[in-house]
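Trainee: One structure, pasted below without further comment.
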Amino acid sequence: MIYAADSKFDQKNRVIVPMNVFRAAGLTADAPCTVEYDNRDGRLYIVQGEAKKRINAQYTIIKSLNLGLCEFVLGKYSEVDYVTWEYTESGGYFWGHYFGTEEDALADLYKRAAAECSMRAGLIEDQREGGKNKCLKRSESN
């Protein structure tokens with residue numbers, strides 16, 4: 001069985017997708033579509049014709065920033081309901097930040113990705129300095 005947060009299944013095990021998810025994904029309600037689960041990446045997609053949209057918890061992923069081992073994504077449910085998540089293959093989607101405008105959500109997406117890059121740069125710098133913690137170095141010099 002495919003697991004996706006907030007997914008609803010009918011008696012024939014078909015996924016029921018709300019209309020606003022179609023609108024957020026830019027799909028039309030009058031054309032047939034399918035919901036696919038990709039075992040390789042553990043992600044759920046809505047497919048209609050040539051369009052393949054990634055979804056999570058009924059949010060359509062409209063932007064993603066891949067940083068190697070993790071990814072930050074922006075999801076849209078409606079014109080006033082956006083979310084950013086961190087995504088990893090081992091942990092799925094987590095640490096959601098919710099917003100009422102796309103601009104606020106987009107700013108958070110970039111802020112989260114920048115913080116992750118900054119943290120990684122700090123780890124690399126620590127490794128170059130012999131693995132010592134910067135805080136310890138400051139206290140040793142006092």
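If you're wondering about the labels, chains in the structure tokens are A, B, ... by order shown, residues count from 1 in each chain, ligands from 1 in order shown.
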Using only C-alpha atoms, which residues sit within 12 Å of Glu50 in chain A once same-chain residues fewer than 2 positions away are excluded, as a list in words?

Mentor: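 Skipping anything fewer than 2 positions along the chain leaves Leu27, Ala31, Pro32, Cys33, Thr34, Ile46, Val47, Gln48, Lys52 and Lys53 of chain A.
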
Trainee: Export, as a compact mmCIF listing (two decimals), in the first residue's frame, the selected residues with N, CA and C atoms.

Mentor:
```txt
# COMPACT_ATOMS: atom_id res chain seq x y z
N LEU A 27 -3.02 21.03 -13.17
CA LEU A 27 -3.67 19.96 -13.92
C LEU A 27 -5.15 20.29 -14.11
N ALA A 31 -9.43 15.69 -17.43
CA ALA A 31 -8.55 14.75 -18.12
C ALA A 31 -8.13 13.65 -17.14
N PRO A 32 -7.99 12.41 -17.63
CA PRO A 32 -7.59 11.32 -16.73
C PRO A 32 -6.18 11.52 -16.18
N CYS A 33 -5.98 11.04 -14.98
CA CYS A 33 -4.65 11.10 -14.37
C CYS A 33 -4.44 9.85 -13.53
N THR A 34 -3.20 9.64 -13.15
CA THR A 34 -2.86 8.52 -12.27
C THR A 34 -1.98 9.04 -11.14
N ILE A 46 1.60 12.77 -9.16
CA ILE A 46 0.37 12.80 -9.94
C ILE A 46 0.81 12.93 -11.39
N VAL A 47 0.29 12.05 -12.26
CA VAL A 47 0.67 12.07 -13.67
C VAL A 47 -0.57 12.30 -14.52
N GLN A 48 -0.48 13.30 -15.40
CA GLN A 48 -1.57 13.59 -16.33
C GLN A 48 -0.94 13.93 -17.67
N LYS A 52 4.10 15.38 -14.93
CA LYS A 52 4.33 14.52 -13.77
C LYS A 52 4.67 15.43 -12.60
N LYS A 53 3.77 15.53 -11.63
CA LYS A 53 3.93 16.43 -10.50
C LYS A 53 4.15 15.64 -9.22
```

Trainee: So that I can see what lies close to range 73-87 of chain A, please list as a PDB file with C-alpha atoms, in the first residue's frame the residues with an atom at most 12 Å from it, counting only C-alpha atoms and leaving out residues fewer than 5 positions away in the same chain.

Mentor:
```
ATOM      1  CA  VAL A  17      -7.228  13.864  -4.681  1.00  0.00           C
ATOM      2  CA  PRO A  18      -8.915  17.172  -3.730  1.00  0.00           C
ATOM      3  CA  MET A  19      -9.612  19.709  -6.510  1.00  0.00           C
ATOM      4  CA  ASN A  20      -7.230  22.311  -5.096  1.00  0.00           C
ATOM      5  CA  VAL A  21      -4.348  19.819  -5.432  1.00  0.00           C
ATOM      6  CA  PHE A  22      -5.143  19.620  -9.159  1.00  0.00           C
ATOM      7  CA  ARG A  23      -5.213  23.399  -9.404  1.00  0.00           C
ATOM      8  CA  ALA A  24      -1.949  23.772  -7.470  1.00  0.00           C
ATOM      9  CA  ALA A  25      -0.309  21.260  -9.804  1.00  0.00           C
ATOM     10  CA  GLY A  26      -1.651  23.033 -12.888  1.00  0.00           C
ATOM     11  CA  ASP A  41      13.156   7.672  -4.774  1.00  0.00           C
ATOM     12  CA  GLY A  42      10.247   6.938  -2.414  1.00  0.00           C
ATOM     13  CA  ARG A  43       8.162   9.789  -3.805  1.00  0.00           C
ATOM     14  CA  LYS A  53       3.933  16.429 -10.495  1.00  0.00           C
ATOM     15  CA  ARG A  54       5.460  15.381  -7.186  1.00  0.00           C
ATOM     16  CA  ILE A  55       3.113  15.507  -4.187  1.00  0.00           C
ATOM     17  CA  ASN A  56       3.300  15.070  -0.433  1.00  0.00           C
ATOM     18  CA  ALA A  57       0.431  15.363   2.061  1.00  0.00           C
ATOM     19  CA  GLN A  58      -1.773  16.725  -0.747  1.00  0.00           C
ATOM     20  CA  TYR A  59       0.716  19.530  -1.455  1.00  0.00           C
ATOM     21  CA  THR A  60       2.180  19.784  -4.964  1.00  0.00           C
ATOM     22  CA  ILE A  61       5.940  20.319  -4.899  1.00  0.00           C
ATOM     23  CA  ILE A  62       6.481  23.424  -7.037  1.00  0.00           C
ATOM     24  CA  LYS A  63      10.164  24.098  -6.273  1.00  0.00           C
ATOM     25  CA  SER A  64      13.063  22.096  -4.873  1.00  0.00           C
ATOM     26  CA  LEU A  65      16.674  22.761  -3.976  1.00  0.00           C
ATOM     27  CA  ASN A  66      18.810  19.623  -3.930  1.00  0.00           C
ATOM     28  CA  LEU A  67      21.872  19.806  -1.680  1.00  0.00           C
ATOM     29  CA  GLY A  68      23.149  16.275  -2.180  1.00  0.00           C
ATOM     30  CA  GLY A  92      11.103  11.424   3.968  1.00  0.00           C
ATOM     31  CA  TYR A  93       9.568  14.891   4.383  1.00  0.00           C
ATOM     32  CA  PHE A  94       9.940  16.570   7.769  1.00  0.00           C
ATOM     33  CA  TRP A  95      10.155  19.874   9.663  1.00  0.00           C
ATOM     34  CA  GLY A  96       7.357  21.617   7.769  1.00  0.00           C
ATOM     35  CA  HIS A  97       7.112  25.399   7.905  1.00  0.00           C
ATOM     36  CA  TYR A  98       3.671  26.668   6.800  1.00  0.00           C
ATOM     37  CA  PHE A  99       2.859  30.000   5.107  1.00  0.00           C
ATOM     38  CA  GLY A 100      -0.053  31.968   3.693  1.00  0.00           C
ATOM     39  CA  THR A 101       1.841  33.397   0.700  1.00  0.00           C
ATOM     40  CA  GLU A 102       4.172  31.929  -1.886  1.00  0.00           C
ATOM     41  CA  GLU A 103       6.649  34.794  -1.356  1.00  0.00           C
ATOM     42  CA  ASP A 104       7.028  34.022   2.364  1.00  0.00           C
ATOM     43  CA  ALA A 105       7.407  30.312   1.659  1.00  0.00           C
ATOM     44  CA  LEU A 106       9.985  30.945  -1.080  1.00  0.00           C
ATOM     45  CA  ALA A 107      12.006  33.183   1.256  1.00  0.00           C
ATOM     46  CA  ASP A 108      11.942  30.409   3.887  1.00  0.00           C
ATOM     47  CA  LEU A 109      13.010  27.821   1.292  1.00  0.00           C
ATOM     48  CA  TYR A 110      16.118  29.836   0.399  1.00  0.00           C
ATOM     49  CA  LYS A 111      16.819  30.661   4.055  1.00  0.00           C
ATOM     50  CA  ARG A 112      16.710  26.974   5.028  1.00  0.00           C
ATOM     51  CA  ALA A 113      18.949  25.958   2.140  1.00  0.00           C
ATOM     52  CA  GLU A 116      22.277  24.119   5.573  1.00  0.00           C
TER      53      GLU A 116
END
```

Trainee: Please, which residues of range 19-138 of chain A, numbered as in this document, come out strand (DSSP E) from DSSP, as an MDAnalysis selection string?

Mentor: chainID A and resid 34:38 43:48 51:56 59:66 71:78 81:88 92:99

Trainee: So that I have them on file, write out the residues from the current selection with C-alpha atoms, as a JSON list (two decimals), in the first residue's frame.

Mentor:
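And here's part14.json as it stands now:
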```json
[["chain", "number", "residue", "atom", "x", "y", "z"],
["A", 34, "THR", "CA", -2.86, 8.52, -12.27],
["A", 35, "VAL", "CA", -1.05, 8.58, -8.96],
["A", 36, "GLU", "CA", 2.30, 6.79, -9.05],
["A", 37, "TYR", "CA", 4.73, 5.82, -6.32],
["A", 38, "ASP", "CA", 8.37, 5.65, -7.39],
["A", 43, "ARG", "CA", 8.16, 9.79, -3.80],
["A", 44, "LEU", "CA", 4.50, 10.09, -4.81],
["A", 45, "TYR", "CA", 3.55, 11.71, -8.15],
["A", 46, "ILE", "CA", 0.37, 12.80, -9.94],
["A", 47, "VAL", "CA", 0.67, 12.07, -13.67],
["A", 48, "GLN", "CA", -1.57, 13.59, -16.33],
["A", 51, "ALA", "CA", 2.89, 16.30, -16.81],
["A", 52, "LYS", "CA", 4.33, 14.52, -13.77],
["A", 53, "LYS", "CA", 3.93, 16.43, -10.50],
["A", 54, "ARG", "CA", 5.46, 15.38, -7.19],
["A", 55, "ILE", "CA", 3.11, 15.51, -4.19],
["A", 56, "ASN", "CA", 3.30, 15.07, -0.43],
["A", 59, "TYR", "CA", 0.72, 19.53, -1.46],
["A", 60, "THR", "CA", 2.18, 19.78, -4.96],
["A", 61, "ILE", "CA", 5.94, 20.32, -4.90],
["A", 62, "ILE", "CA", 6.48, 23.42, -7.04],
["A", 63, "LYS", "CA", 10.16, 24.10, -6.27],
["A", 64, "SER", "CA", 13.06, 22.10, -4.87],
["A", 65, "LEU", "CA", 16.67, 22.76, -3.98],
["A", 66, "ASN", "CA", 18.81, 19.62, -3.93],
["A", 71, "GLU", "CA", 16.66, 18.52, -0.37],
["A", 72, "PHE", "CA", 14.46, 21.47, 0.55],
["A", 73, "VAL", "CA", 11.09, 21.69, -1.17],
["A", 74, "LEU", "CA", 8.25, 24.18, -1.51],
["A", 75, "GLY", "CA", 4.74, 22.73, -1.63],
["A", 76, "LYS", "CA", 1.48, 24.39, -2.65],
["A", 77, "TYR", "CA", -2.00, 23.30, -1.55],
["A", 78, "SER", "CA", -3.97, 26.42, -2.50],
["A", 81, "ASP", "CA", -1.51, 27.52, 1.81],
["A", 82, "TYR", "CA", 2.20, 26.81, 1.24],
["A", 83, "VAL", "CA", 4.79, 24.72, 3.05],
["A", 84, "THR", "CA", 8.53, 24.13, 3.00],
["A", 85, "TRP", "CA", 9.98, 20.78, 4.05],
["A", 86, "GLU", "CA", 13.36, 19.18, 4.33],
["A", 87, "TYR", "CA", 13.48, 15.85, 2.47],
["A", 88, "THR", "CA", 15.90, 12.95, 2.76],
["A", 92, "GLY", "CA", 11.10, 11.42, 3.97],
["A", 93, "TYR", "CA", 9.57, 14.89, 4.38],
["A", 94, "PHE", "CA", 9.94, 16.57, 7.77],
["A", 95, "TRP", "CA", 10.15, 19.87, 9.66],
["A", 96, "GLY", "CA", 7.36, 21.62, 7.77],
["A", 97, "HIS", "CA", 7.11, 25.40, 7.91],
["A", 98, "TYR", "CA", 3.67, 26.67, 6.80],
["A", 99, "PHE", "CA", 2.86, 30.00, 5.11]]
```
